[in-house]
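J.: Coordinates in input_16.pdb, PDB, N, CA and C atoms, are listed below.
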```
MODEL        1
ATOM      1  N   MET I   1      11.962  -0.095  17.161
ATOM      2  CA  MET I   1      11.736  -1.483  16.788
ATOM      3  C   MET I   1      12.425  -1.752  15.448
ATOM      4  N   ALA I   2      13.129  -2.855  15.379
ATOM      5  CA  ALA I   2      13.802  -3.241  14.137
ATOM      6  C   ALA I   2      12.825  -3.974  13.224
ATOM      7  N   PHE I   3      12.856  -3.626  11.966
ATOM      8  CA  PHE I   3      11.974  -4.254  10.987
ATOM      9  C   PHE I   3      12.781  -5.142  10.059
ATOM     10  N   ASN I   4      12.153  -6.198   9.632
ATOM     11  CA  ASN I   4      12.754  -7.053   8.619
ATOM     12  C   ASN I   4      12.438  -6.413   7.270
ATOM     13  N   PHE I   5      13.406  -5.695   6.723
ATOM     14  CA  PHE I   5      13.213  -4.962   5.473
ATOM     15  C   PHE I   5      12.717  -5.868   4.358
ATOM     16  N   PHE I   6      13.269  -7.066   4.279
ATOM     17  CA  PHE I   6      12.889  -7.984   3.198
ATOM     18  C   PHE I   6      11.448  -8.451   3.346
ATOM     19  N   LEU I   7      10.998  -8.682   4.581
ATOM     20  CA  LEU I   7       9.604  -9.059   4.822
ATOM     21  C   LEU I   7       8.672  -7.924   4.409
ATOM     22  N   ILE I   8       9.018  -6.716   4.799
ATOM     23  CA  ILE I   8       8.197  -5.547   4.472
ATOM     24  C   ILE I   8       8.086  -5.395   2.959
ATOM     25  N   MET I   9       9.207  -5.458   2.266
ATOM     26  CA  MET I   9       9.197  -5.284   0.814
ATOM     27  C   MET I   9       8.476  -6.435   0.121
ATOM     28  N   GLU I  10       8.646  -7.657   0.615
ATOM     29  CA  GLU I  10       7.976  -8.816   0.021
ATOM     30  C   GLU I  10       6.459  -8.670   0.121
ATOM     31  N   LYS I  11       5.976  -8.259   1.278
ATOM     32  CA  LYS I  11       4.532  -8.120   1.472
ATOM     33  C   LYS I  11       3.983  -6.942   0.661
ATOM     34  N   ALA I  12       4.723  -5.842   0.597
ATOM     35  CA  ALA I  12       4.293  -4.697  -0.204
ATOM     36  C   ALA I  12       4.226  -5.080  -1.680
ATOM     37  N   GLU I  13       5.218  -5.821  -2.151
ATOM     38  CA  GLU I  13       5.239  -6.272  -3.549
ATOM     39  C   GLU I  13       4.087  -7.232  -3.825
ATOM     40  N   GLN I  14       3.782  -8.090  -2.871
ATOM     41  CA  GLN I  14       2.667  -9.025  -3.012
ATOM     42  C   GLN I  14       1.347  -8.253  -3.169
ATOM     43  N   LEU I  15       1.149  -7.232  -2.342
ATOM     44  CA  LEU I  15      -0.055  -6.403  -2.452
ATOM     45  C   LEU I  15      -0.097  -5.658  -3.783
ATOM     46  N   PHE I  16       1.043  -5.122  -4.188
ATOM     47  CA  PHE I  16       1.108  -4.360  -5.428
ATOM     48  C   PHE I  16       0.796  -5.231  -6.638
ATOM     49  N   GLN I  17       1.345  -6.436  -6.678
ATOM     50  CA  GLN I  17       1.061  -7.348  -7.793
ATOM     51  C   GLN I  17      -0.418  -7.717  -7.821
ATOM     52  N   ALA I  18      -0.997  -7.957  -6.660
ATOM     53  CA  ALA I  18      -2.427  -8.271  -6.596
ATOM     54  C   ALA I  18      -3.251  -7.085  -7.094
ATOM     55  N   TYR I  19      -2.836  -5.868  -6.741
ATOM     56  CA  TYR I  19      -3.530  -4.664  -7.203
ATOM     57  C   TYR I  19      -3.467  -4.561  -8.726
ATOM     58  N   LYS I  20      -2.265  -4.728  -9.295
ATOM     59  CA  LYS I  20      -2.099  -4.603 -10.742
ATOM     60  C   LYS I  20      -2.881  -5.666 -11.503
ATOM     61  N   GLU I  21      -2.927  -6.869 -10.948
ATOM     62  CA  GLU I  21      -3.593  -7.981 -11.626
ATOM     63  C   GLU I  21      -5.061  -8.126 -11.225
ATOM     64  N   ARG I  22      -5.515  -7.246 -10.342
ATOM     65  CA  ARG I  22      -6.902  -7.280  -9.843
ATOM     66  C   ARG I  22      -7.248  -8.657  -9.286
ATOM     67  N   LYS I  23      -6.351  -9.188  -8.470
ATOM     68  CA  LYS I  23      -6.524 -10.511  -7.881
ATOM     69  C   LYS I  23      -6.624 -10.408  -6.365
ATOM     70  N   GLU I  24      -7.283 -11.386  -5.775
ATOM     71  CA  GLU I  24      -7.337 -11.491  -4.324
ATOM     72  C   GLU I  24      -6.147 -12.300  -3.839
ATOM     73  N   ILE I  25      -5.674 -11.970  -2.651
ATOM     74  CA  ILE I  25      -4.626 -12.764  -2.024
ATOM     75  C   ILE I  25      -5.094 -13.140  -0.625
ATOM     76  N   ASP I  26      -4.500 -14.180  -0.096
ATOM     77  CA  ASP I  26      -4.821 -14.594   1.266
ATOM     78  C   ASP I  26      -4.244 -13.586   2.250
ATOM     79  N   PRO I  27      -4.968 -13.326   3.338
ATOM     80  CA  PRO I  27      -4.431 -12.426   4.371
ATOM     81  C   PRO I  27      -3.132 -12.984   4.955
ATOM     82  N   PHE I  28      -2.267 -12.100   5.411
ATOM     83  CA  PHE I  28      -1.028 -12.538   6.051
ATOM     84  C   PHE I  28      -0.844 -11.749   7.339
ATOM     85  N   PRO I  29      -0.275 -12.400   8.360
ATOM     86  CA  PRO I  29      -0.134 -11.737   9.659
ATOM     87  C   PRO I  29       0.988 -10.698   9.653
ATOM     88  N   LEU I  30       0.701  -9.556  10.258
ATOM     89  CA  LEU I  30       1.689  -8.500  10.461
ATOM     90  C   LEU I  30       1.392  -7.829  11.795
ATOM     91  N   THR I  31       2.411  -7.316  12.429
ATOM     92  CA  THR I  31       2.173  -6.478  13.598
ATOM     93  C   THR I  31       1.637  -5.135  13.103
ATOM     94  N   GLU I  32       1.154  -4.324  14.016
ATOM     95  CA  GLU I  32       0.639  -3.007  13.618
ATOM     96  C   GLU I  32       1.733  -2.164  12.960
ATOM     97  N   GLU I  33       2.912  -2.186  13.541
ATOM     98  CA  GLU I  33       4.020  -1.403  12.983
ATOM     99  C   GLU I  33       4.456  -1.935  11.619
ATOM    100  N   GLU I  34       4.505  -3.258  11.472
ATOM    101  CA  GLU I  34       4.841  -3.837  10.171
ATOM    102  C   GLU I  34       3.789  -3.451   9.137
ATOM    103  N   GLY I  35       2.529  -3.470   9.549
ATOM    104  CA  GLY I  35       1.444  -3.086   8.651
ATOM    105  C   GLY I  35       1.590  -1.655   8.158
ATOM    106  N   LYS I  36       1.993  -0.762   9.050
ATOM    107  CA  LYS I  36       2.205   0.639   8.652
ATOM    108  C   LYS I  36       3.334   0.745   7.629
ATOM    109  N   LYS I  37       4.416   0.013   7.875
ATOM    110  CA  LYS I  37       5.559   0.053   6.948
ATOM    111  C   LYS I  37       5.187  -0.548   5.593
ATOM    112  N   VAL I  38       4.464  -1.668   5.609
ATOM    113  CA  VAL I  38       4.018  -2.282   4.354
ATOM    114  C   VAL I  38       3.120  -1.302   3.609
ATOM    115  N   GLY I  39       2.218  -0.636   4.329
ATOM    116  CA  GLY I  39       1.335   0.356   3.710
ATOM    117  C   GLY I  39       2.102   1.502   3.078
ATOM    118  N   GLU I  40       3.141   1.967   3.749
ATOM    119  CA  GLU I  40       3.966   3.049   3.203
ATOM    120  C   GLU I  40       4.652   2.615   1.910
ATOM    121  N   GLU I  41       5.242   1.429   1.924
ATOM    122  CA  GLU I  41       5.938   0.939   0.729
ATOM    123  C   GLU I  41       4.962   0.674  -0.414
ATOM    124  N   PHE I  42       3.812   0.099  -0.093
ATOM    125  CA  PHE I  42       2.777  -0.154  -1.100
ATOM    126  C   PHE I  42       2.314   1.164  -1.717
ATOM    127  N   SER I  43       2.117   2.179  -0.897
ATOM    128  CA  SER I  43       1.703   3.491  -1.399
ATOM    129  C   SER I  43       2.748   4.079  -2.333
ATOM    130  N   LYS I  44       4.024   3.941  -1.968
ATOM    131  CA  LYS I  44       5.100   4.438  -2.836
ATOM    132  C   LYS I  44       5.071   3.734  -4.190
ATOM    133  N   MET I  45       4.852   2.418  -4.160
ATOM    134  CA  MET I  45       4.791   1.655  -5.413
ATOM    135  C   MET I  45       3.626   2.120  -6.279
ATOM    136  N   LEU I  46       2.471   2.350  -5.658
ATOM    137  CA  LEU I  46       1.299   2.824  -6.405
ATOM    138  C   LEU I  46       1.559   4.178  -7.050
ATOM    139  N   ILE I  47       2.134   5.084  -6.289
ATOM    140  CA  ILE I  47       2.401   6.431  -6.802
ATOM    141  C   ILE I  47       3.420   6.375  -7.935
ATOM    142  N   ASP I  48       4.457   5.566  -7.775
ATOM    143  CA  ASP I  48       5.451   5.417  -8.849
ATOM    144  C   ASP I  48       4.817   4.838 -10.108
ATOM    145  N   TYR I  49       3.856   3.953  -9.940
ATOM    146  CA  TYR I  49       3.216   3.255 -11.062
ATOM    147  C   TYR I  49       2.148   4.110 -11.749
ATOM    148  N   GLU I  50       1.314   4.797 -10.965
ATOM    149  CA  GLU I  50       0.163   5.513 -11.532
ATOM    150  C   GLU I  50       0.199   7.026 -11.351
ATOM    151  N   GLY I  51       1.083   7.530 -10.529
ATOM    152  CA  GLY I  51       1.141   8.960 -10.265
ATOM    153  C   GLY I  51       0.214   9.351  -9.122
ATOM    154  N   LEU I  52       0.610  10.350  -8.359
ATOM    155  CA  LEU I  52      -0.188  10.812  -7.227
ATOM    156  C   LEU I  52      -1.344  11.667  -7.711
ATOM    157  N   GLY I  53      -2.534  11.309  -7.274
ATOM    158  CA  GLY I  53      -3.714  12.085  -7.629
ATOM    159  C   GLY I  53      -4.213  12.933  -6.477
ATOM    160  N   GLY I  54      -3.970  12.488  -5.253
ATOM    161  CA  GLY I  54      -4.411  13.218  -4.078
ATOM    162  C   GLY I  54      -4.368  12.330  -2.847
ATOM    163  N   TYR I  55      -4.975  12.825  -1.785
ATOM    164  CA  TYR I  55      -5.002  12.093  -0.525
ATOM    165  C   TYR I  55      -6.435  11.931  -0.059
ATOM    166  N   LYS I  56      -6.664  10.885   0.713
ATOM    167  CA  LYS I  56      -7.962  10.654   1.326
ATOM    168  C   LYS I  56      -7.729  10.577   2.826
ATOM    169  N   ILE I  57      -8.501  11.345   3.579
ATOM    170  CA  ILE I  57      -8.381  11.325   5.029
ATOM    171  C   ILE I  57      -9.682  10.786   5.601
ATOM    172  N   ALA I  58      -9.590   9.691   6.328
ATOM    173  CA  ALA I  58     -10.764   9.056   6.920
ATOM    174  C   ALA I  58     -11.143   9.767   8.220
ATOM    175  N   LYS I  59     -12.348   9.491   8.702
ATOM    176  CA  LYS I  59     -12.821  10.104   9.944
ATOM    177  C   LYS I  59     -11.860   9.877  11.100
ATOM    178  N   GLY I  60     -11.281   8.699  11.162
ATOM    179  CA  GLY I  60     -10.365   8.377  12.254
ATOM    180  C   GLY I  60      -8.989   8.992  12.100
ATOM    181  N   GLY I  61      -8.774   9.761  11.048
ATOM    182  CA  GLY I  61      -7.492  10.411  10.829
ATOM    183  C   GLY I  61      -6.517   9.610   9.992
ATOM    184  N   ILE I  62      -6.946   8.454   9.514
ATOM    185  CA  ILE I  62      -6.070   7.637   8.678
ATOM    186  C   ILE I  62      -5.957   8.286   7.301
ATOM    187  N   ILE I  63      -4.735   8.435   6.824
ATOM    188  CA  ILE I  63      -4.494   9.074   5.532
ATOM    189  C   ILE I  63      -4.122   8.009   4.511
ATOM    190  N   GLY I  64      -4.755   8.053   3.353
ATOM    191  CA  GLY I  64      -4.448   7.150   2.251
ATOM    192  C   GLY I  64      -4.156   7.955   1.003
ATOM    193  N   VAL I  65      -3.562   7.315   0.023
ATOM    194  CA  VAL I  65      -3.267   7.993  -1.233
ATOM    195  C   VAL I  65      -4.288   7.601  -2.288
ATOM    196  N   LEU I  66      -4.520   8.508  -3.201
ATOM    197  CA  LEU I  66      -5.330   8.247  -4.387
ATOM    198  C   LEU I  66      -4.420   8.465  -5.583
ATOM    199  N   THR I  67      -4.368   7.489  -6.458
ATOM    200  CA  THR I  67      -3.547   7.651  -7.653
ATOM    201  C   THR I  67      -4.367   8.350  -8.726
ATOM    202  N   LYS I  68      -3.686   8.849  -9.739
ATOM    203  CA  LYS I  68      -4.388   9.523 -10.832
ATOM    204  C   LYS I  68      -5.412   8.608 -11.477
ATOM    205  N   ALA I  69      -5.056   7.334 -11.652
ATOM    206  CA  ALA I  69      -5.989   6.385 -12.269
ATOM    207  C   ALA I  69      -7.233   6.178 -11.402
ATOM    208  N   MET I  70      -7.095   6.292 -10.106
ATOM    209  CA  MET I  70      -8.235   6.106  -9.204
ATOM    210  C   MET I  70      -9.248   7.237  -9.309
ATOM    211  N   ILE I  71      -8.789   8.434  -9.639
ATOM    212  CA  ILE I  71      -9.713   9.567  -9.669
ATOM    213  C   ILE I  71     -10.097  10.001 -11.077
ATOM    214  N   THR I  72      -9.451   9.444 -12.094
ATOM    215  CA  THR I  72      -9.781   9.850 -13.460
ATOM    216  C   THR I  72     -10.442   8.750 -14.270
ATOM    217  N   SER I  73     -10.552   7.559 -13.706
ATOM    218  CA  SER I  73     -11.176   6.455 -14.446
ATOM    219  C   SER I  73     -12.639   6.326 -14.085
TER     220      SER I  73
ENDMDL
END
```
Could you rewrite the structure in this file as structure tokens?

T.:
Amino acid sequence: MAFNFFLIMEKAEQLFQAYKERKEIDPFPLTEEEGKKVGEEFSKMLIDYEGLGGYKIAKGGIIGVLTKAMITS
């Protein structure tokens, strides 16, 4: 499946800015695959910004990242 790179990056940046500013944003529609790509890019931005602290694995097998600030604050 072809992805719109600019859409993916725009949505990841929108999430990242909301995270940094501790603000809520309105939900936006994405397909499941687009959501995965946005999540990957958002995770990369978080790690670049705060450093990798570890991983979190949910019961359903979903893997998320924890930044250093998330586990040391």

J.: What separation in Å, quoted to one decimal, exists between atom CA of Asn4 of chain I and atom CA of Gly60 of chain I?

T.: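 If I compute the distance from atom CA of Asn4 of chain I to atom CA of Gly60 of chain I, I get 28.0 Å.
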
J.: With only N, CA and C atoms as the counted atoms, please give the residues lying no more than 6 Å from segment 29-44 of chain I, apart from itself and same-chain residues fewer than 2 positions off, as JSON, numbers by chain.

T.: {"I": [8, 11, 12, 27, 46, 47, 48, 49]}

J.: Quick one: pull the distance between atom CA of Phe6 of chain I and atom N of Ile25 of chain I, Å, one decimal.

T.: 19.9 Å

J.: Mind giving me the straight-line distance from atom CA of Ile71 of chain I to atom CA of Lys23 of chain I in Å, one decimal?

T.: 20.4 Å

J.: Going by DSSP on the backbone, which bits of chain I are helix (DSSP H, G or I)? Write them as a ChimeraX atom specification, please.

T.: /I:5-21,32-50,68-72

J.: Find, counting all atoms listed in the file, the residue in I:Ala58, I:Arg22, I:Phe5, I:Gly53 that gets nearest to Thr72 of chain I.

T.: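 Of I:Ala58, I:Arg22, I:Phe5, I:Gly53, the one nearest Thr72 of chain I is I:Gly53, counting all atoms listed in the file.
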